[in-house]
Amino acid sequence: MEVNKGNAALVKGFSAANPKYPVSNSLMYSIYKMLPNDTDLTVFREQGKIQGFNFAFIDNHFNYHTAQDDYSHINPTTVAHQGTYLMPLLHYFSNTDLSNMNSAEDYVYFNTPFCFVSYPFSWILPLWIGTFAVFLFLVLIGIGKRILIPVEIGKGFLLLFGTLITTGLVTLFGWKIILLLYPQYTDIQQGFTYNGHSYIALFICLSLAVSFLFYSKSKTDQLTINHSIAPLLLWILINLGIALYLPGAGFFIIPVLFGLLMLVYFVLTQKTSKFLNLLLSIPALLLYTPFIVFLPIGLGLKILIGSSILTVLVFGLLLPVFGAFSKKGMWSTLFFIVAIGFFINAHLNSDYENNKAKPNSLVYLFDKDANKAFWKTYDTNLDEWTKKYLGENPKNANNQNSNPLFSKYNSQFTFSSDAPIKKLASPTVEFIKDSVVGSQRHLKIRISPNRKVNRFDIFANETIIFYNFKANGARDMQQKGSKYNRNGKKILSYYIVDNEPLEMEFSIPKNTVFDMTLMESSFDLMSNPLFTMNKRAPWMMPTPFVLNDAVVIQQKIKPTLKTIPEIPLKNIPKFAAEKDSLTIAQDSLKMQNDKN
């Protein structure tokens with residue numbers, strides 16, 4: 001599902017290695033690059049410019065990075081499938097000169113049941129030009145032979161856009177209504193519900209029902225072919241956009257070429273062949289229809305409208321096949337009834353249960369500066385477990401996200417309630433260096449945990465400009481020149497090993513007001529002896545992608561005050577008698593620190 005830019009050598013190598021069951025295409029990576037996601041391959045690509053293959057499987061997305069993400073929730077055949085990639089590729093590349101893996105050229109690639117196909121990006125535009133030229137030629141010939149009628153072609157555009165708009169509206173508002181009826185679906189951050197396959201099938205059936213209904217008047221071969229000109233032209237225009245902006249999907253032109261062959265046969269013979277049209281529809285079914293299912297699984301049911309629109313577009317391209325169906329009104333009714341069946345099935349499987357658990361979240365946060373403690377959650381639908389801590393009427397926490405913690409889906413705290421203050425050992429903050437040189441204030445700060453913790457999150461006022469930032473000696477910290485590049489208040493997250501401290505070294509303009517915040521987190525809320533926590537019910541699990549089941553201390557970053565023992569009066573030097581009390585205290589503290 002992912003290769004690097006300049007993939008020609010990789011794609012050729014993949015093809016030469018000849019894995020037995022390849023399932024891949026270059027559009028997957030083109031889509032993936034648009035998402036704010038990273039993988040283990042990212043650092044190799046971006047910092048080392050090292051070529052690589054990335055393999056993944058996305059079905060049952062609701063288990064991804066959850067407590068259910070284990071072998072018992074994976075199809076063993078899927079795991080075996082990874083092996084069918086690994087062994088041939090290891091064998092091939094272990095005998096290949098890896099210094100020749102970088103290439104200036106990219107390849108389009110896709111699989112079929114029979115072979116793995118690839119060709120250069122440089123072919124995409126010529127293929128499109130040739131396709132458009134043939135299409136234009138055929139339309140002109142057809143109009144000249146009076147078998148293509150401009151009025152009927154115009155009606156075809158009305159039918160196509162009427163179908164697209166109706167289907168789009170049905171899916172858009174249909175899914176919104178479903179979310180109102182089943183608010184628990186928003187608990188699953190991946191956006192794909194346990195019964196998500198039923199909803200995909202539901203809206204595909206509704207799309208086909210609407211399509212058959214709109215085209216029910218296309219009763220003759222001539223009308224059908226005239227009405228098919230509109231979707232054929234729209235697909236050609238879509239492929240122009242692909243050629244210019246999304247070349248990874250360049251193979252989308254291939255089913256259009258086969259659609260043109262249906263038109264060629266009609267223009268030459270003035271009739272259609274059901275068998276030939278069925279044969280020529282195979283590329284569209286192989287290359288287009290998998291995306292109808294892939295997209296909402298991988299990107300969430302919120303884009304079901306994309307699946308519905310793609311269903312209509314494929315239906316339009318294959319109109320010479322579907323147009324031959326008699327009693328299209330009956331087919332429309334049949335697909336509508338099947339859609340109702342899938343809705344009933346989705347309803348019957350809409351509740352949470354064992355192995356289809358409800359995600360929920362809870363965080364204990366102690367605000368040291370305010371000396372207050374809170375229970376917080378990311379949940380929009382509270383359940384019996386979270387209500388034990390948050391109560392029946394918790395406060396809205398939308399205004400309590402001033403220091404937003406990282407989460408894959410930008411989740412923020414939704415509800416909050418007061419919590420008892422626990423005796424937590426706060427971290428020690430030491431300003432090892434704090435000096436002004438010229439226009440810059442140079443700081444070195446050490447933060448040491450005093451309890452078993454897992455992570456520090458550092459935030460700073462967005463007006464502060466950091467220069468020459470180092471963390472535990474690491475210099476490559478998203479800097480542009482000497483300036484530290486950050487997005488929003490977040491400075492960094494430090495995942496702690498063996499309670500090792502964090503040392504930050506940087507400079508800021510000397511007149512800048514110093515305003516930094518620390519959030520120290522331990523991932524032990526459920527086992528921490530200071531808390532008596534109830535176990536989740538078997539049909540619950542921790543929410544993934546967020547800081548969860550954590551004990552957090554939030555505080556401003558400022559030097560930790562050290563407790564100095566009381567100094568007997570006899571130990572105060574005689575010369576101090578002539579000094580004021582503040583100076584005496586300063587001298588005494590200095591003496592004691594020197595002694596320590």
# chains A, B, ... in the order shown; residues from 1 in each chain; ligands from 1
>>> select_by_dssp(residues="region 62-180 of chain A", states="strand (DSSP E or B)", output="PyMOL selection string")
chain A and resi 107-111+116-120
>>> select_by_dssp(residues="region 363-536 of chain A", states="alpha helix (DSSP H)", output="list in words")
Glu384, Trp385, Thr386, Lys387, Lys388, Tyr389 and Leu390 of chain A
>>> write_last_selection(atoms="N, CA and C atoms", output="CSV table (one decimal), in the first residue's frame")
chain,number,residue,atom,x,y,z
A,384,GLU,N,-22.1,3.5,31.9
A,384,GLU,CA,-22.2,3.3,33.3
A,384,GLU,C,-20.8,3.3,34.0
A,385,TRP,N,-19.7,3.0,33.3
A,385,TRP,CA,-18.4,3.0,33.9
A,385,TRP,C,-17.9,4.4,34.0
A,386,THR,N,-17.9,5.2,33.0
A,386,THR,CA,-17.4,6.6,33.1
A,386,THR,C,-18.3,7.4,34.0
A,387,LYS,N,-19.6,7.1,34.1
A,387,LYS,CA,-20.5,7.9,35.0
A,387,LYS,C,-20.2,7.7,36.4
A,388,LYS,N,-19.5,6.6,36.8
A,388,LYS,CA,-19.2,6.4,38.2
A,388,LYS,C,-18.2,7.4,38.7
A,389,TYR,N,-17.4,8.0,37.8
A,389,TYR,CA,-16.4,9.0,38.1
A,389,TYR,C,-16.8,10.4,37.7
A,390,LEU,N,-17.5,10.5,36.6
A,390,LEU,CA,-17.9,11.8,36.1
A,390,LEU,C,-19.2,12.3,36.6
>>> atom_distance(atom1="CA of Leu285 (chain A)", atom2="CA of Leu299 (chain A)")
21.3 Å
>>> closest_residue(among="A:Tyr378, A:Ser24, A:Tyr352, A:Leu148", to="Leu263 (chain A)", atoms="only C-alpha atoms")
A:Leu148
>>> residues_around(residues="Lys368 (chain A)", least_positions_apart="3", cutoff="7 Å", atoms="only C-alpha atoms", output="number ranges by chain")
A: 371-372, 553-555
>>> closest_residue(among="A:Ser521, A:Ile31, A:Lys510, A:Lys423", to="Phe466 (chain A)", atoms="only C-alpha atoms")
A:Lys510
>>> residues_around(residues="Tyr92 (chain A)", least_positions_apart="3", cutoff="10 Å", atoms="only C-alpha atoms", output="ChimeraX atom specification")
/A:13-14,16-18,87-89,95-96
>>> closest_residue(among="A:Ser417, A:Ser361, A:Ser211, A:Thr224", to="Phe161 (chain A)", atoms="only C-alpha atoms")
A:Ser211
>>> closest_residue(among="A:Tyr119, A:Phe336, A:Tyr409, A:Tyr288", to="Leu208 (chain A)", atoms="only C-alpha atoms")
A:Phe336
>>> atom_distance(atom1="CA of Trp123 (chain A)", atom2="CA of Phe252 (chain A)")
12.8 Å
>>> residues_around(residues="Lys327 (chain A)", least_positions_apart="6", cutoff="12 Å", atoms="only C-alpha atoms", output="ChimeraX atom specification")
/A:212-213,215-219,333-334
>>> write_last_selection(atoms="all heavy atoms", output="PDB file, in the first residue's frame")
ATOM      1  N   PHE A 212     -31.271   2.238 -11.492  1.00  0.00           N
ATOM      2  CA  PHE A 212     -32.233   1.510 -12.329  1.00  0.00           C
ATOM      3  C   PHE A 212     -33.517   2.307 -12.508  1.00  0.00           C
ATOM      4  O   PHE A 212     -34.130   2.285 -13.588  1.00  0.00           O
ATOM      5  CB  PHE A 212     -32.538   0.140 -11.717  1.00  0.00           C
ATOM      6  CG  PHE A 212     -31.576  -0.938 -12.117  1.00  0.00           C
ATOM      7  CD1 PHE A 212     -30.710  -1.498 -11.204  1.00  0.00           C
ATOM      8  CD2 PHE A 212     -31.529  -1.406 -13.429  1.00  0.00           C
ATOM      9  CE1 PHE A 212     -29.819  -2.491 -11.573  1.00  0.00           C
ATOM     10  CE2 PHE A 212     -30.643  -2.392 -13.811  1.00  0.00           C
ATOM     11  CZ  PHE A 212     -29.776  -2.948 -12.879  1.00  0.00           C
ATOM     12  N   LEU A 213     -33.942   3.019 -11.470  1.00  0.00           N
ATOM     13  CA  LEU A 213     -35.166   3.814 -11.559  1.00  0.00           C
ATOM     14  C   LEU A 213     -35.013   4.935 -12.586  1.00  0.00           C
ATOM     15  O   LEU A 213     -35.898   5.139 -13.430  1.00  0.00           O
ATOM     16  CB  LEU A 213     -35.503   4.394 -10.187  1.00  0.00           C
ATOM     17  CG  LEU A 213     -36.803   5.211 -10.105  1.00  0.00           C
ATOM     18  CD1 LEU A 213     -38.006   4.328 -10.427  1.00  0.00           C
ATOM     19  CD2 LEU A 213     -36.957   5.832  -8.719  1.00  0.00           C
ATOM     20  N   TYR A 215     -32.956   5.134 -15.128  1.00  0.00           N
ATOM     21  CA  TYR A 215     -32.725   4.665 -16.497  1.00  0.00           C
ATOM     22  C   TYR A 215     -33.780   3.664 -16.955  1.00  0.00           C
ATOM     23  O   TYR A 215     -33.583   2.960 -17.941  1.00  0.00           O
ATOM     24  CB  TYR A 215     -31.332   4.043 -16.597  1.00  0.00           C
ATOM     25  CG  TYR A 215     -30.220   5.063 -16.618  1.00  0.00           C
ATOM     26  CD1 TYR A 215     -29.537   5.407 -15.456  1.00  0.00           C
ATOM     27  CD2 TYR A 215     -29.845   5.686 -17.808  1.00  0.00           C
ATOM     28  CE1 TYR A 215     -28.523   6.346 -15.468  1.00  0.00           C
ATOM     29  CE2 TYR A 215     -28.827   6.623 -17.836  1.00  0.00           C
ATOM     30  CZ  TYR A 215     -28.174   6.957 -16.660  1.00  0.00           C
ATOM     31  OH  TYR A 215     -27.166   7.895 -16.684  1.00  0.00           O
ATOM     32  N   SER A 216     -34.905   3.600 -16.247  1.00  0.00           N
ATOM     33  CA  SER A 216     -35.942   2.630 -16.600  1.00  0.00           C
ATOM     34  C   SER A 216     -36.581   2.912 -17.954  1.00  0.00           C
ATOM     35  O   SER A 216     -37.183   2.032 -18.568  1.00  0.00           O
ATOM     36  CB  SER A 216     -37.026   2.596 -15.512  1.00  0.00           C
ATOM     37  OG  SER A 216     -37.614   3.886 -15.369  1.00  0.00           O
ATOM     38  N   LYS A 217     -36.438   4.156 -18.477  1.00  0.00           N
ATOM     39  CA  LYS A 217     -37.036   4.499 -19.778  1.00  0.00           C
ATOM     40  C   LYS A 217     -36.117   4.150 -20.949  1.00  0.00           C
ATOM     41  O   LYS A 217     -36.523   4.253 -22.100  1.00  0.00           O
ATOM     42  CB  LYS A 217     -37.341   6.000 -19.810  1.00  0.00           C
ATOM     43  CG  LYS A 217     -38.344   6.465 -18.751  1.00  0.00           C
ATOM     44  CD  LYS A 217     -39.740   6.024 -19.112  1.00  0.00           C
ATOM     45  CE  LYS A 217     -40.670   6.332 -17.936  1.00  0.00           C
ATOM     46  NZ  LYS A 217     -41.454   7.492 -18.124  1.00  0.00           N
ATOM     47  N   SER A 218     -34.862   3.772 -20.645  1.00  0.00           N
ATOM     48  CA  SER A 218     -33.941   3.391 -21.726  1.00  0.00           C
ATOM     49  C   SER A 218     -34.251   1.950 -22.132  1.00  0.00           C
ATOM     50  O   SER A 218     -33.636   1.006 -21.651  1.00  0.00           O
ATOM     51  CB  SER A 218     -32.488   3.511 -21.250  1.00  0.00           C
ATOM     52  OG  SER A 218     -32.186   4.831 -20.888  1.00  0.00           O
ATOM     53  N   LYS A 219     -35.208   1.795 -23.055  1.00  0.00           N
ATOM     54  CA  LYS A 219     -35.737   0.468 -23.355  1.00  0.00           C
ATOM     55  C   LYS A 219     -35.154  -0.157 -24.620  1.00  0.00           C
ATOM     56  O   LYS A 219     -35.333  -1.330 -24.868  1.00  0.00           O
ATOM     57  CB  LYS A 219     -37.262   0.526 -23.476  1.00  0.00           C
ATOM     58  CG  LYS A 219     -37.955   0.906 -22.162  1.00  0.00           C
ATOM     59  CD  LYS A 219     -39.458   0.871 -22.311  1.00  0.00           C
ATOM     60  CE  LYS A 219     -40.158   1.274 -21.016  1.00  0.00           C
ATOM     61  NZ  LYS A 219     -39.938   0.315 -19.938  1.00  0.00           N
ATOM     62  N   THR A 333     -36.892  -1.909  -7.532  1.00  0.00           N
ATOM     63  CA  THR A 333     -37.640  -2.324  -6.346  1.00  0.00           C
ATOM     64  C   THR A 333     -36.899  -3.426  -5.590  1.00  0.00           C
ATOM     65  O   THR A 333     -36.816  -3.417  -4.349  1.00  0.00           O
ATOM     66  CB  THR A 333     -39.033  -2.826  -6.746  1.00  0.00           C
ATOM     67  OG1 THR A 333     -39.731  -1.791  -7.452  1.00  0.00           O
ATOM     68  CG2 THR A 333     -39.841  -3.225  -5.524  1.00  0.00           C
ATOM     69  N   LEU A 334     -36.338  -4.371  -6.361  1.00  0.00           N
ATOM     70  CA  LEU A 334     -35.618  -5.483  -5.742  1.00  0.00           C
ATOM     71  C   LEU A 334     -34.422  -4.969  -4.938  1.00  0.00           C
ATOM     72  O   LEU A 334     -34.216  -5.386  -3.785  1.00  0.00           O
ATOM     73  CB  LEU A 334     -35.146  -6.448  -6.823  1.00  0.00           C
ATOM     74  CG  LEU A 334     -34.300  -7.636  -6.328  1.00  0.00           C
ATOM     75  CD1 LEU A 334     -35.108  -8.511  -5.365  1.00  0.00           C
ATOM     76  CD2 LEU A 334     -33.802  -8.462  -7.513  1.00  0.00           C
TER      77      LEU A 334
END
>>> closest_residue(among="A:Lys358, A:Val363, A:Thr463, A:Ala201", to="Gly341 (chain A)", atoms="only C-alpha atoms")
A:Ala201
>>> closest_residue(among="A:Met526, A:Pro296, A:Asp40, A:Asp379", to="Asp187 (chain A)", atoms="only C-alpha atoms")
A:Asp379
>>> atom_distance(atom1="CA of Ile344 (chain A)", atom2="CA of Leu164 (chain A)")
25.3 Å
>>> residues_around(residues="Glu462 (chain A)", least_positions_apart="4", cutoff="10 Å", atoms="only C-alpha atoms", output="PyMOL selection string")
chain A and resi 486-491+515-516
>>> write_last_selection(atoms="N, CA, C and O atoms", output="CSV table (one decimal), in the first residue's frame")
chain,number,residue,atom,x,y,z
A,486,ARG,N,7.4,24.6,15.0
A,486,ARG,CA,6.4,23.9,15.7
A,486,ARG,C,5.0,24.3,15.2
A,486,ARG,O,4.8,25.4,14.6
A,487,ASN,N,4.0,23.5,15.5
A,487,ASN,CA,2.6,23.8,15.1
A,487,ASN,C,1.8,23.9,16.3
A,487,ASN,O,1.5,23.0,17.0
A,488,GLY,N,1.3,25.2,16.6
A,488,GLY,CA,0.5,25.4,17.8
A,488,GLY,C,1.4,25.5,19.1
A,488,GLY,O,2.6,25.8,19.1
A,489,LYS,N,0.8,25.1,20.2
A,489,LYS,CA,1.5,25.2,21.5
A,489,LYS,C,2.4,24.1,21.8
A,489,LYS,O,3.3,24.2,22.6
A,490,LYS,N,2.2,22.9,21.1
A,490,LYS,CA,3.0,21.7,21.4
A,490,LYS,C,4.4,21.9,21.0
A,490,LYS,O,4.7,22.3,19.9
A,491,ILE,N,5.3,21.6,21.9
A,491,ILE,CA,6.8,21.6,21.7
A,491,ILE,C,7.3,20.2,21.4
A,491,ILE,O,7.9,20.0,20.3
A,515,ASP,N,6.8,31.3,29.2
A,515,ASP,CA,5.5,30.7,29.6
A,515,ASP,C,5.5,29.3,29.0
A,515,ASP,O,5.1,29.1,27.8
A,516,MET,N,5.9,28.3,29.7
A,516,MET,CA,5.9,26.9,29.3
A,516,MET,C,5.2,26.0,30.3
A,516,MET,O,5.2,26.3,31.5
